[in-house]
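Comments concern the structure below.
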Amino acid sequence: MQNTRLNNLFGAILTRLGLWLTNPWRRISLSIISFLLGFFLGTGVATTVGQAAGWDIIAAAILIVVTEVSSILIYGNRRRKQTAEEFNNSSWLAEIVNSLKIGFSYSLFVEAFKLGS
């Protein structure tokens with residue numbers, strides 16, 4: 001990419017955020033918050049889409065595609081060589097996205113169990 005001011009700003013923000021997240025307690029708390037946010041989003045999606053019974057299958061397909069595409073984007077780049085800074089930036093981002101996906105999937109399972117009982 002070109003070395004523009006906007007590109008430099010985003011690079012500096014990501015670097016500072018990565019340095020801020022080197023503290024393990026901050027990283028764990030951010031993972032827990034993203035898990036709970038995923039749980040909240042999953043519950044909201046399930047109840048909203050559940051109101052119109054015709055959209056259940058389409059919404060489930062869209063959610064599976066979004067989950068799988070995010071997995072491919074996060075974990076598909078592992079084959080290429082990364083510098084230490086790129087690995088640190090992608091590792092905390094991958095951890096946050098993974099926690100979000102786990103919370104989302106878990107809430108959908110909980111909603112399915114509630115509906116099945």
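Letters for chains follow the order of the structure tokens (A, B, ...), residue numbers begin at 1 for each chain, and ligand numbers begin at 1 in the order shown.
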
- Message: Could you list, as JSON, numbers by chain, every residue within 7 Å of range 100-103 of chain A, counting only C-alpha atoms and ignoring same-chain residues fewer than 4 positions away?
- Response: {"A": [34, 35, 36, 37, 38, 39, 67, 96, 107]}

Those selected residues, please, written with N, CA and C atoms and delivered as a PDB file, in the first residue's frame.
ATOM      1  N   SER A  34     -15.881  -9.827  24.220  1.00  0.00           N
ATOM      2  CA  SER A  34     -16.278 -10.211  22.864  1.00  0.00           C
ATOM      3  C   SER A  34     -17.112 -11.490  22.879  1.00  0.00           C
ATOM      4  N   PHE A  35     -16.845 -12.420  23.806  1.00  0.00           N
ATOM      5  CA  PHE A  35     -17.685 -13.611  23.945  1.00  0.00           C
ATOM      6  C   PHE A  35     -19.110 -13.221  24.331  1.00  0.00           C
ATOM      7  N   LEU A  36     -19.235 -12.332  25.309  1.00  0.00           N
ATOM      8  CA  LEU A  36     -20.557 -11.905  25.747  1.00  0.00           C
ATOM      9  C   LEU A  36     -21.273 -11.099  24.663  1.00  0.00           C
ATOM     10  N   LEU A  37     -20.536 -10.301  23.905  1.00  0.00           N
ATOM     11  CA  LEU A  37     -21.133  -9.573  22.796  1.00  0.00           C
ATOM     12  C   LEU A  37     -21.641 -10.540  21.728  1.00  0.00           C
ATOM     13  N   GLY A  38     -20.870 -11.586  21.438  1.00  0.00           N
ATOM     14  CA  GLY A  38     -21.311 -12.610  20.496  1.00  0.00           C
ATOM     15  C   GLY A  38     -22.542 -13.327  20.993  1.00  0.00           C
ATOM     16  N   PHE A  39     -22.593 -13.604  22.304  1.00  0.00           N
ATOM     17  CA  PHE A  39     -23.771 -14.249  22.884  1.00  0.00           C
ATOM     18  C   PHE A  39     -24.995 -13.340  22.744  1.00  0.00           C
ATOM     19  N   THR A  67     -19.802 -16.855   9.419  1.00  0.00           N
ATOM     20  CA  THR A  67     -18.878 -17.495  10.350  1.00  0.00           C
ATOM     21  C   THR A  67     -17.719 -18.163   9.612  1.00  0.00           C
ATOM     22  N   ILE A  96     -10.013 -12.197  19.388  1.00  0.00           N
ATOM     23  CA  ILE A  96     -11.267 -11.475  19.601  1.00  0.00           C
ATOM     24  C   ILE A  96     -12.358 -12.010  18.677  1.00  0.00           C
ATOM     25  N   SER A 107     -24.758 -19.165  21.817  1.00  0.00           N
ATOM     26  CA  SER A 107     -26.097 -18.619  22.040  1.00  0.00           C
ATOM     27  C   SER A 107     -27.114 -19.252  21.104  1.00  0.00           C
TER      28      SER A 107
END

- Note on the structure: Among A:Ala94, A:Leu17, A:Ser31, A:Ala112, Gly50 in chain A is approached most closely, using only C-alpha atoms, by A:Ala112

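The coordinates place CA of Trp92 in chain A at 10.2 Å from CA of Ile28 in chain A.
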
- Length of the CA of Tyr106 in chain A to CA of Ile74 in chain A vector [Å]: 19.8 Å

- Item | Option closest in space to Arg27 in chain A, from A:Ile13, A:Val65, A:Leu93, A:Leu73 [counting only C-alpha atoms] |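 Residue with the minimum atom-to-atom distance to Arg27 in chain A: A:Leu93.
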
- Item | All alpha helix (DSSP H) positions in chain A, as a PyMOL selection string | chain A and resi 5-20+24-51+56-75+84-116

- Long-range neighbours of Leu115 in chain A as JSON, numbers by chain, 12 Å cut-off, only C-alpha atoms, 3 positions minimum in chain: {"A": [46, 47, 50, 108, 109, 110, 111, 112]}
